[in-house]
Structure formats: structure tokens, C-alpha cells
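*Asks:* One structure, pasted below without further comment.
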Amino acid sequence: MRARLIGAVALVAAVVLWSSFALTVRGIGSSSLTSIDVAFLRFAAPVVILAPWLPRTVRALRGERISVLLMLAIGGLPHFLLSALGGRLTSAALIGLLIPGTVPLFVAVILYLRWRERISPRRLIALAAITTGIAATAMQTTSTATTAGIGILLTAGCTWAVYTIGLRQTGLGLTGVVLAVCTPATITAALLAASATMPSHLMTGTAGISDVLLFTGFQGIGTGLLSTLCYAYAVRALGSNLAATAGAISPVLTALIAIPLFDEPITPGVSAALTLIVTGVTVFNIAPRHRENGSKRPLPAGRALDRTRSKMNGMPPTGAASTTEVA
């Protein structure tokens with residue numbers, strides 16, 4: 001009972017931290033930092049904290065396939081910059097809804113197209129609900145910028161799906177994945193800022209100290225590390241289905257907090273999209289998987305995948321609303 005209670009607290013903390021990702025991404029435009037500044041803080045903090053494990057991770061990378069490392073890297077800086085750009089054009093509610101909410105759809109499509117992994121009827125219904133929610137979101141927009149932002153957020157969801165599939169194939173442990181994602185992202189963000197390829201207020205010295213501390217805390221430490229550890233513990237204490245299903249609460253929490261924080265009302269269209277996508281994600285997580293006997297694909301749900309998930313503690317490391325088929 002004590003472990004389950006602590007697991008419940010950890011799960012609540014993870015959900016709150018996932019919401020903080022969407023909210024802080026939305027808040028970049030009103031801060032003294034640029035997107036590349038926040039990206040640097042987001043990825044540098046975990047690298048600094050986990051630096052003692054870096055030599056061991058470098059050794060482990062020698063046995064990892066380049067294709068898997070590229071899939072993991074897509075979940076780093078590319079995913080973050082797409083999320084930031086989409087957030088600037090839309091709202092916190094849509095960031096929190098579309099990115100994690102569409103990952104099951106993209107994962108299912110990619111697995112089917114690449115490895116012909118069949119989808120159970122209940123999961124098909126769940127994916128239909130998610131697709132309808134996306135359509136409801138698109139139909140309510142009249143602004144060209146918002147429509148473009150929705151497309152960018154969907155692309156961010158797709159990059160997270162690619163990253164999620166990479167998690168199924170990697171043999172790296174929890175700290176190894178975090179460092180494999182964050183180290184190249186930190187170096188690339190620093191180069192983009194130092195070369196003025198992307199504007200940086202950190203480089204010009206005009207960034208506010210309070211903003212630096214805020215984004216380092218919420219993005220770097222909160223999303224990058226604490227949400228990972230909290231979710232990993234919750235999965236072990238409560239089980240993956242309960243933990244993943246509770247993750248569907250994150251978009252609702254994000255939308256509610258965005259009302260007073262950014263003066264973003266929940267419109268009927270957003271409400272409909274929330275209902276459809278959250279329901280779809282929940283059903284997707286609790287529905288059984290169905291795959292064709294004898295199908296060949298890397299690390300199918302079996303002993304190989306179980307070993308990987310055991311190493312990963314069942315956790316997608318950078319804090320998405322998880323299905324571990326998602327984040």
C-alpha cells in the first residue's frame with residue numbers, strides 16, 4: 001500500500017510536469033528567451049546532472065545501431081523546436097492535446113506501414129476517435145497561422161512517434177537514453193545560438209535571470225529528469241496500463257491552467273477535440289494489442305521488448321503523455 005501510495009503521488013507529479021512542458025513552451029514568446037535559448041537550457045540541465053554516467057553511455061553507444069540513435073535524436077532538438085514553433089502559432093491547450101494525443105495514431109501507422117503490425121478492433125476505434133478529434137480541431141480554426149501551427153504540432157507528434165519506436169529498439173538504459181538524446185541536442189543548440197543561425201538572448205546577454213531559472217527548472221529539471229523518474233516509479237508501482245491511461249489527464253490539466261495563465265478560453269471546438277482525443281488515448285492504452293503471427297519486425301512485444309522496457313523502467317524519457325507505445 002505504501003508503494004502504491006507513493007506511486008500515485010509520483011504519477012500525479014508526472015502529469016503536472018507534462019502539463020508544464022506545454023505551458024512553458026507556450027510561454028516562451030512572453031519571456032526574455034528565444035526558442036533556441038530554452039532548448040539549450042532544456043537539454044543542458046540533464047547532461048550536467050547526469051555527467052557522471054556519460055562515459056558509460058559513450059561505451060554503450062558503440063553497440064547501438066545508427067538508425068536507432070537517429071530515431072532517438074529526432075525526439076530531442078527537432079521535436080522541441082517544432083513544439084515551440086507550433087506553440088507560438090496556436091495555444092497551450094493545443095500543444096498539450098495534439099502532440100501527445102496524436103502519437104498513438106502515428107505509431108500505429110508507422111508500425112503498420114513498416115512492419116505490417118495489425119491493430120486490434122478496439123484500438124482502431126480509439127484511433128478513429130483521435131483522428132476525429134484532430135479534424136474537429138482543424139475545423140474550428142479560421143486563422144491561417146493557427147492552421148499552420150496545428151500542422152506543425154502534428155509534425156511534432158510524428159517526430160515523437162518516431163522517437164517512441166526508437167525506444168522499442170534501443171538497448172540503452174534510462175540514463176543512457178536521456179544522455180543520448182540530450183547531449184547532441186545541447187551541442188547543436190549551442191552551435192545554432194553561437195553562430196547566430198537562430199537568435200539567442202543568452203548569447204547577447206539580454207536574457208533575464210528569472211526566466212533562465214524558471215525554464216531551467218521546469219524544462220530541464222522538471223520535464224527532462226523529474227517527470228522521467230516519477231513516471232518510471234509510477235509504472236513499477238501501479239502498472240503500465242493505469243499509469244499510461246492517467247497520462248491522458250495531462251491535456252485537460254493543460255487546457256484548464258491555460259485559462260488564467262494565458263487567457264485562453266476553452267472553446268466548444270477545443271472541448272470536443274479534448275473529449276475525442278483523450279477518450280481515444282485512454283481506450284488505446286487499455287485495449288489489447290493484436291499482431292499477426294509470424295510477423296517480422298524489430299523487438300516485437302515479447303522477451304526482447306520486455307528486456308528493453310525493463311531497462312527503461314517502462315518510461316519514455318523526455319516526458320510525453322505516455323502510452324509507451326507513446327510518451
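Every chain in the C-alpha cells takes a letter, A first, then B, and so on in the order presented; its residues are numbered from 1, and the ligands are numbered from 1 following the presented order.
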When you look at A:Leu154 with a cut-off of 7 Å (counting only C-alpha atoms), what residues show up, excluding the ones that are within fewer than 4 positions of it in the same chain? I need them as a PyMOL selection string.

*Replies:* chain A and resi 98-99+150+158

*Asks:* Could those selected residues go to a file with C-alpha atoms, as a PDB file, in the first residue's frame?

*Replies:*
ATOM      1  CA  LEU A  98      -2.148  17.423 -30.219  1.00  0.00           C
ATOM      2  CA  ILE A  99       1.427  16.334 -29.510  1.00  0.00           C
ATOM      3  CA  ILE A 150      -1.718  22.778 -35.960  1.00  0.00           C
ATOM      4  CA  CYS A 158       5.027  12.411 -35.586  1.00  0.00           C
TER       5      CYS A 158
END

*Asks:* If we count only C-alpha atoms, what is near A:Leu70 at a cut-off of 12 Å, once residues fewer than 2 positions away on the same chain are taken out, given as a list of chain:residue names?

*Replies:*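 Using only C-alpha atoms, the neighbours found are A:Leu61, A:Glu64, A:Arg65, A:Ile66, A:Ser67, A:Val68, A:Leu72, A:Ala73, A:Ile74, A:Gly75, A:Gly76, A:Leu77, A:Pro78, A:Thr159, A:Val162, A:Tyr163, A:Thr164, A:Ile165, A:Gly166, A:Leu167, A:Gln169, A:Thr170, A:Val177, A:Ala180, A:Val181, A:Pro184, A:Ala185.
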
*Asks:* Identify which of the residues A:His79, A:Val48, A:Leu105, A:Thr175 lies closest to A:Leu229, counting only C-alpha atoms when measuring atom-to-atom distances.

*Replies:*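 Closest to A:Leu229, using only C-alpha atoms: A:Thr175.
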
*Asks:* Report the residues of stretch 40-266 of chain A whose backbone DSSP state falls under alpha helix (DSSP H), written as an MDAnalysis selection string.

*Replies:* chainID A and resid 40:49 54:61 66:74 77:89 92:115 121:139 144:169 174:194 201:204 209:215 227:238 240:246 249:262

*Asks:* Could you list, with a cut-off of 10 Å and counting only C-alpha atoms, the residues of stretch 161-249 of chain A near stretch 275-288 of chain A, each shown with its nearest atom pair and the distance in Å rounded to one decimal, rows sorted by chain and ascending number, as CSV?

*Replies:*
residue,atom,partner,partner_atom,distance
A:Ser240,CA,A:Asn285,CA,9.0
A:Asn241,CA,A:Ile286,CA,6.1
A:Leu242,CA,A:Ile286,CA,8.3
A:Ala243,CA,A:Asn285,CA,9.6
A:Ala244,CA,A:Asn285,CA,6.6
A:Thr245,CA,A:Thr282,CA,5.1
A:Ala246,CA,A:Thr282,CA,8.0
A:Gly247,CA,A:Thr282,CA,8.6
A:Ala248,CA,A:Val278,CA,5.6
A:Ile249,CA,A:Val278,CA,7.4

*Asks:* For the selection you just gave me, I'd like the residues written to a file as a PDB file, in the first residue's frame, keeping all heavy atoms.

*Replies:*
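Writing the result to again_23.pdb gives the following:
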ATOM      1  N   SER A 240       1.703  -0.436 -15.925  1.00  0.00           N
ATOM      2  CA  SER A 240       1.832   0.451 -17.081  1.00  0.00           C
ATOM      3  C   SER A 240       0.485   0.929 -17.612  1.00  0.00           C
ATOM      4  O   SER A 240       0.356   2.068 -18.056  1.00  0.00           O
ATOM      5  CB  SER A 240       2.605  -0.263 -18.202  1.00  0.00           C
ATOM      6  OG  SER A 240       1.936  -1.442 -18.574  1.00  0.00           O
ATOM      7  N   ASN A 241      -0.555   0.077 -17.573  1.00  0.00           N
ATOM      8  CA  ASN A 241      -1.848   0.488 -18.117  1.00  0.00           C
ATOM      9  C   ASN A 241      -2.446   1.652 -17.337  1.00  0.00           C
ATOM     10  O   ASN A 241      -2.909   2.641 -17.918  1.00  0.00           O
ATOM     11  CB  ASN A 241      -2.825  -0.694 -18.113  1.00  0.00           C
ATOM     12  CG  ASN A 241      -2.617  -1.615 -19.299  1.00  0.00           C
ATOM     13  OD1 ASN A 241      -1.862  -1.290 -20.201  1.00  0.00           O
ATOM     14  ND2 ASN A 241      -3.263  -2.758 -19.281  1.00  0.00           N
ATOM     15  N   LEU A 242      -2.455   1.540 -15.994  1.00  0.00           N
ATOM     16  CA  LEU A 242      -3.013   2.609 -15.181  1.00  0.00           C
ATOM     17  C   LEU A 242      -2.210   3.888 -15.345  1.00  0.00           C
ATOM     18  O   LEU A 242      -2.772   4.980 -15.501  1.00  0.00           O
ATOM     19  CB  LEU A 242      -3.040   2.187 -13.711  1.00  0.00           C
ATOM     20  CG  LEU A 242      -3.530   3.249 -12.713  1.00  0.00           C
ATOM     21  CD1 LEU A 242      -4.946   3.696 -13.053  1.00  0.00           C
ATOM     22  CD2 LEU A 242      -3.458   2.724 -11.283  1.00  0.00           C
ATOM     23  N   ALA A 243      -0.893   3.766 -15.316  1.00  0.00           N
ATOM     24  CA  ALA A 243      -0.043   4.947 -15.435  1.00  0.00           C
ATOM     25  C   ALA A 243      -0.219   5.628 -16.785  1.00  0.00           C
ATOM     26  O   ALA A 243      -0.348   6.851 -16.873  1.00  0.00           O
ATOM     27  CB  ALA A 243       1.418   4.560 -15.226  1.00  0.00           C
ATOM     28  N   ALA A 244      -0.246   4.839 -17.858  1.00  0.00           N
ATOM     29  CA  ALA A 244      -0.383   5.419 -19.193  1.00  0.00           C
ATOM     30  C   ALA A 244      -1.754   6.043 -19.384  1.00  0.00           C
ATOM     31  O   ALA A 244      -1.888   7.109 -20.000  1.00  0.00           O
ATOM     32  CB  ALA A 244      -0.146   4.344 -20.253  1.00  0.00           C
ATOM     33  N   THR A 245      -2.791   5.399 -18.858  1.00  0.00           N
ATOM     34  CA  THR A 245      -4.139   5.934 -19.005  1.00  0.00           C
ATOM     35  C   THR A 245      -4.285   7.241 -18.229  1.00  0.00           C
ATOM     36  O   THR A 245      -4.901   8.199 -18.714  1.00  0.00           O
ATOM     37  CB  THR A 245      -5.174   4.912 -18.501  1.00  0.00           C
ATOM     38  OG1 THR A 245      -5.020   3.701 -19.245  1.00  0.00           O
ATOM     39  CG2 THR A 245      -6.582   5.427 -18.703  1.00  0.00           C
ATOM     40  N   ALA A 246      -3.708   7.302 -17.036  1.00  0.00           N
ATOM     41  CA  ALA A 246      -3.768   8.542 -16.253  1.00  0.00           C
ATOM     42  C   ALA A 246      -3.052   9.680 -16.972  1.00  0.00           C
ATOM     43  O   ALA A 246      -3.381  10.853 -16.780  1.00  0.00           O
ATOM     44  CB  ALA A 246      -3.162   8.320 -14.874  1.00  0.00           C
ATOM     45  N   GLY A 247      -2.085   9.329 -17.832  1.00  0.00           N
ATOM     46  CA  GLY A 247      -1.385  10.361 -18.586  1.00  0.00           C
ATOM     47  C   GLY A 247      -2.293  11.137 -19.513  1.00  0.00           C
ATOM     48  O   GLY A 247      -1.972  12.263 -19.915  1.00  0.00           O
ATOM     49  N   ALA A 248      -3.448  10.560 -19.853  1.00  0.00           N
ATOM     50  CA  ALA A 248      -4.394  11.260 -20.720  1.00  0.00           C
ATOM     51  C   ALA A 248      -5.017  12.461 -20.031  1.00  0.00           C
ATOM     52  O   ALA A 248      -5.654  13.297 -20.687  1.00  0.00           O
ATOM     53  CB  ALA A 248      -5.492  10.296 -21.181  1.00  0.00           C
ATOM     54  N   ILE A 249      -4.843  12.558 -18.717  1.00  0.00           N
ATOM     55  CA  ILE A 249      -5.364  13.711 -17.979  1.00  0.00           C
ATOM     56  C   ILE A 249      -4.560  14.971 -18.285  1.00  0.00           C
ATOM     57  O   ILE A 249      -5.055  16.093 -18.177  1.00  0.00           O
ATOM     58  CB  ILE A 249      -5.342  13.426 -16.458  1.00  0.00           C
ATOM     59  CG1 ILE A 249      -6.210  12.212 -16.139  1.00  0.00           C
ATOM     60  CG2 ILE A 249      -5.795  14.626 -15.653  1.00  0.00           C
ATOM     61  CD1 ILE A 249      -6.088  11.744 -14.703  1.00  0.00           C
TER      62      ILE A 249
END

*Asks:* Would you pick out the contacts of stretch 250-256 of chain A at 12 Å or less, using only C-alpha atoms, so that residues sharing its chain but fewer than 6 positions from it are not included, and give the list as a ChimeraX atom specification?

*Replies:* /A:11-26,91-102,243-244,262-267,270-279,281-282,319-322,327

*Asks:* Could you turn the residues from that selection into a file that holds C-alpha atoms, as a PDB file, in the first residue's frame?

*Replies:*
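This is the output file part_12.pdb:
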ATOM      1  CA  LEU A  11       2.061   9.756 -11.185  1.00  0.00           C
ATOM      2  CA  VAL A  12       0.315  12.997 -10.228  1.00  0.00           C
ATOM      3  CA  ALA A  13       3.691  14.762 -10.254  1.00  0.00           C
ATOM      4  CA  ALA A  14       4.475  13.332 -13.709  1.00  0.00           C
ATOM      5  CA  VAL A  15       1.138  14.519 -15.118  1.00  0.00           C
ATOM      6  CA  VAL A  16       1.692  18.016 -13.704  1.00  0.00           C
ATOM      7  CA  LEU A  17       5.211  18.125 -15.144  1.00  0.00           C
ATOM      8  CA  TRP A  18       3.946  17.014 -18.567  1.00  0.00           C
ATOM      9  CA  SER A  19       1.474  19.883 -18.470  1.00  0.00           C
ATOM     10  CA  SER A  20       4.286  22.248 -17.515  1.00  0.00           C
ATOM     11  CA  PHE A  21       6.050  21.318 -20.764  1.00  0.00           C
ATOM     12  CA  ALA A  22       3.172  22.605 -22.882  1.00  0.00           C
ATOM     13  CA  LEU A  23       2.637  25.660 -20.689  1.00  0.00           C
ATOM     14  CA  THR A  24       6.296  26.728 -20.630  1.00  0.00           C
ATOM     15  CA  VAL A  25       6.655  26.147 -24.392  1.00  0.00           C
ATOM     16  CA  ARG A  26       3.654  28.414 -24.891  1.00  0.00           C
ATOM     17  CA  SER A  91      -2.304  27.756 -27.833  1.00  0.00           C
ATOM     18  CA  ALA A  92      -1.140  25.871 -24.763  1.00  0.00           C
ATOM     19  CA  ALA A  93      -4.238  23.668 -24.919  1.00  0.00           C
ATOM     20  CA  LEU A  94      -3.416  22.551 -28.463  1.00  0.00           C
ATOM     21  CA  ILE A  95       0.235  21.877 -27.562  1.00  0.00           C
ATOM     22  CA  GLY A  96      -0.825  19.694 -24.658  1.00  0.00           C
ATOM     23  CA  LEU A  97      -3.503  17.976 -26.725  1.00  0.00           C
ATOM     24  CA  LEU A  98      -2.148  17.423 -30.219  1.00  0.00           C
ATOM     25  CA  ILE A  99       1.427  16.334 -29.510  1.00  0.00           C
ATOM     26  CA  PRO A 100       0.838  13.511 -27.005  1.00  0.00           C
ATOM     27  CA  GLY A 101      -2.674  12.825 -28.244  1.00  0.00           C
ATOM     28  CA  THR A 102      -1.662  12.010 -31.800  1.00  0.00           C
ATOM     29  CA  ALA A 243      -0.043   4.947 -15.435  1.00  0.00           C
ATOM     30  CA  ALA A 244      -0.383   5.419 -19.193  1.00  0.00           C
ATOM     31  CA  PHE A 262      -2.661  32.877 -20.883  1.00  0.00           C
ATOM     32  CA  ASP A 263      -6.302  33.962 -21.023  1.00  0.00           C
ATOM     33  CA  GLU A 264      -7.057  31.113 -23.423  1.00  0.00           C
ATOM     34  CA  PRO A 265     -10.729  30.097 -23.189  1.00  0.00           C
ATOM     35  CA  ILE A 266     -11.810  26.530 -23.838  1.00  0.00           C
ATOM     36  CA  THR A 267     -13.980  26.856 -26.940  1.00  0.00           C
ATOM     37  CA  VAL A 270     -11.415  22.547 -28.163  1.00  0.00           C
ATOM     38  CA  SER A 271     -13.802  20.811 -25.757  1.00  0.00           C
ATOM     39  CA  ALA A 272     -14.915  18.405 -28.489  1.00  0.00           C
ATOM     40  CA  ALA A 273     -11.325  17.719 -29.517  1.00  0.00           C
ATOM     41  CA  LEU A 274     -10.287  17.179 -25.885  1.00  0.00           C
ATOM     42  CA  THR A 275     -13.102  14.707 -25.341  1.00  0.00           C
ATOM     43  CA  LEU A 276     -12.413  12.732 -28.509  1.00  0.00           C
ATOM     44  CA  ILE A 277      -8.628  12.630 -28.278  1.00  0.00           C
ATOM     45  CA  VAL A 278      -8.424  11.946 -24.537  1.00  0.00           C
ATOM     46  CA  THR A 279     -11.021   9.180 -24.896  1.00  0.00           C
ATOM     47  CA  VAL A 281      -5.799   7.770 -25.986  1.00  0.00           C
ATOM     48  CA  THR A 282      -7.407   6.131 -22.945  1.00  0.00           C
ATOM     49  CA  GLY A 319       8.103  13.306 -20.693  1.00  0.00           C
ATOM     50  CA  ALA A 320       5.268  12.931 -23.123  1.00  0.00           C
ATOM     51  CA  ALA A 321       1.824  11.797 -22.167  1.00  0.00           C
ATOM     52  CA  SER A 322       2.736   8.202 -22.361  1.00  0.00           C
ATOM     53  CA  ALA A 327       5.123   9.392 -24.404  1.00  0.00           C
TER      54      ALA A 327
END

*Asks:* A:Gly176, A:Gly151, A:Gly27, A:Gly133: which is nearest A:Thr57, counting only C-alpha atoms?

*Replies:* A:Gly176

*Asks:* Compile the contact shell of A:Gly7 as number ranges by chain: residues with an atom at most 10 Å away, counting only C-alpha atoms, same-chain residues fewer than 6 positions apart removed.

*Replies:* A: 1, 13, 230-239, 243

*Asks:* Can you spit out the residues from that selection as a PDB file, in the first residue's frame, using N, CA, C and O atoms?

*Replies:*
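Output file selection_4.pdb follows:
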ATOM      1  N   MET A   1       0.825  -1.211   0.000  1.00  0.00           N
ATOM      2  CA  MET A   1       0.000   0.000   0.000  1.00  0.00           C
ATOM      3  C   MET A   1       0.858   1.260   0.000  1.00  0.00           C
ATOM      4  O   MET A   1       0.540   2.232  -0.670  1.00  0.00           O
ATOM      5  N   ALA A  13       2.583  13.847  -9.969  1.00  0.00           N
ATOM      6  CA  ALA A  13       3.691  14.762 -10.254  1.00  0.00           C
ATOM      7  C   ALA A  13       4.083  14.696 -11.725  1.00  0.00           C
ATOM      8  O   ALA A  13       4.348  15.728 -12.362  1.00  0.00           O
ATOM      9  N   CYS A 230       9.598  10.117 -12.038  1.00  0.00           N
ATOM     10  CA  CYS A 230       8.280   9.941 -11.419  1.00  0.00           C
ATOM     11  C   CYS A 230       7.446   8.934 -12.195  1.00  0.00           C
ATOM     12  O   CYS A 230       6.797   8.057 -11.603  1.00  0.00           O
ATOM     13  N   TYR A 231       7.453   9.047 -13.517  1.00  0.00           N
ATOM     14  CA  TYR A 231       6.648   8.120 -14.314  1.00  0.00           C
ATOM     15  C   TYR A 231       7.199   6.695 -14.226  1.00  0.00           C
ATOM     16  O   TYR A 231       6.448   5.726 -14.149  1.00  0.00           O
ATOM     17  N   ALA A 232       8.529   6.574 -14.245  1.00  0.00           N
ATOM     18  CA  ALA A 232       9.132   5.250 -14.136  1.00  0.00           C
ATOM     19  C   ALA A 232       8.721   4.577 -12.832  1.00  0.00           C
ATOM     20  O   ALA A 232       8.377   3.389 -12.809  1.00  0.00           O
ATOM     21  N   TYR A 233       8.737   5.327 -11.732  1.00  0.00           N
ATOM     22  CA  TYR A 233       8.329   4.754 -10.444  1.00  0.00           C
ATOM     23  C   TYR A 233       6.841   4.403 -10.461  1.00  0.00           C
ATOM     24  O   TYR A 233       6.437   3.350  -9.950  1.00  0.00           O
ATOM     25  N   ALA A 234       6.026   5.274 -11.045  1.00  0.00           N
ATOM     26  CA  ALA A 234       4.587   5.020 -11.085  1.00  0.00           C
ATOM     27  C   ALA A 234       4.270   3.754 -11.879  1.00  0.00           C
ATOM     28  O   ALA A 234       3.394   2.975 -11.490  1.00  0.00           O
ATOM     29  N   VAL A 235       4.974   3.535 -12.970  1.00  0.00           N
ATOM     30  CA  VAL A 235       4.757   2.322 -13.775  1.00  0.00           C
ATOM     31  C   VAL A 235       5.079   1.077 -12.955  1.00  0.00           C
ATOM     32  O   VAL A 235       4.349   0.092 -12.964  1.00  0.00           O
ATOM     33  N   ARG A 236       6.183   1.134 -12.222  1.00  0.00           N
ATOM     34  CA  ARG A 236       6.579  -0.022 -11.418  1.00  0.00           C
ATOM     35  C   ARG A 236       5.615  -0.257 -10.258  1.00  0.00           C
ATOM     36  O   ARG A 236       5.346  -1.397  -9.889  1.00  0.00           O
ATOM     37  N   ALA A 237       5.085   0.810  -9.675  1.00  0.00           N
ATOM     38  CA  ALA A 237       4.219   0.669  -8.501  1.00  0.00           C
ATOM     39  C   ALA A 237       2.762   0.400  -8.869  1.00  0.00           C
ATOM     40  O   ALA A 237       2.062  -0.324  -8.149  1.00  0.00           O
ATOM     41  N   LEU A 238       2.293   0.964  -9.976  1.00  0.00           N
ATOM     42  CA  LEU A 238       0.871   0.906 -10.307  1.00  0.00           C
ATOM     43  C   LEU A 238       0.571   0.072 -11.537  1.00  0.00           C
ATOM     44  O   LEU A 238      -0.598  -0.257 -11.780  1.00  0.00           O
ATOM     45  N   GLY A 239       1.572  -0.222 -12.337  1.00  0.00           N
ATOM     46  CA  GLY A 239       1.339  -0.928 -13.590  1.00  0.00           C
ATOM     47  C   GLY A 239       1.304   0.032 -14.759  1.00  0.00           C
ATOM     48  O   GLY A 239       0.899   1.196 -14.612  1.00  0.00           O
ATOM     49  N   ALA A 243      -0.893   3.766 -15.316  1.00  0.00           N
ATOM     50  CA  ALA A 243      -0.043   4.947 -15.435  1.00  0.00           C
ATOM     51  C   ALA A 243      -0.219   5.628 -16.785  1.00  0.00           C
ATOM     52  O   ALA A 243      -0.348   6.851 -16.873  1.00  0.00           O
TER      53      ALA A 243
END

*Asks:* Of the residues A:Leu113, A:Met203, A:Val212, A:Ala8, which is the one nearest to A:Ala190, using only C-alpha atoms?

*Replies:*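 Residue with the minimum atom-to-atom distance to A:Ala190: A:Met203.
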
*Asks:* For A:Pro104, which of A:Arg59, A:Arg88, A:Arg118, A:Arg123 is the closest residue, counting only C-alpha atoms?

*Replies:*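 Counting only C-alpha atoms, the residue closest to A:Pro104 is A:Arg123.
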
*Asks:* With a distance cut-off of 12 Å and only C-alpha atoms, select the neighbouring residues of A:Gly217, excluding the residue or stretch itself and same-chain residues fewer than 4 positions from it, and output the selection as a PyMOL selection string.

*Replies:* chain A and resi 17+20-21+24+38+41-46+210-213+221-227

*Asks:* Record the distance separating atom CA of A:Gly157 and atom CA of A:Phe106, expressed in Å with one decimal.

*Replies:*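 Calculated distance between atom CA of A:Gly157 and atom CA of A:Phe106 is 7.6 Å.
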
*Asks:* Kindly give the distance, in Å, that separates atom CA of A:Gly63 and atom CA of A:Ala156, rounded to a single decimal.

*Replies:*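 Straight-line distance from atom CA of A:Gly63 to atom CA of A:Ala156 works out to 28.2 Å.
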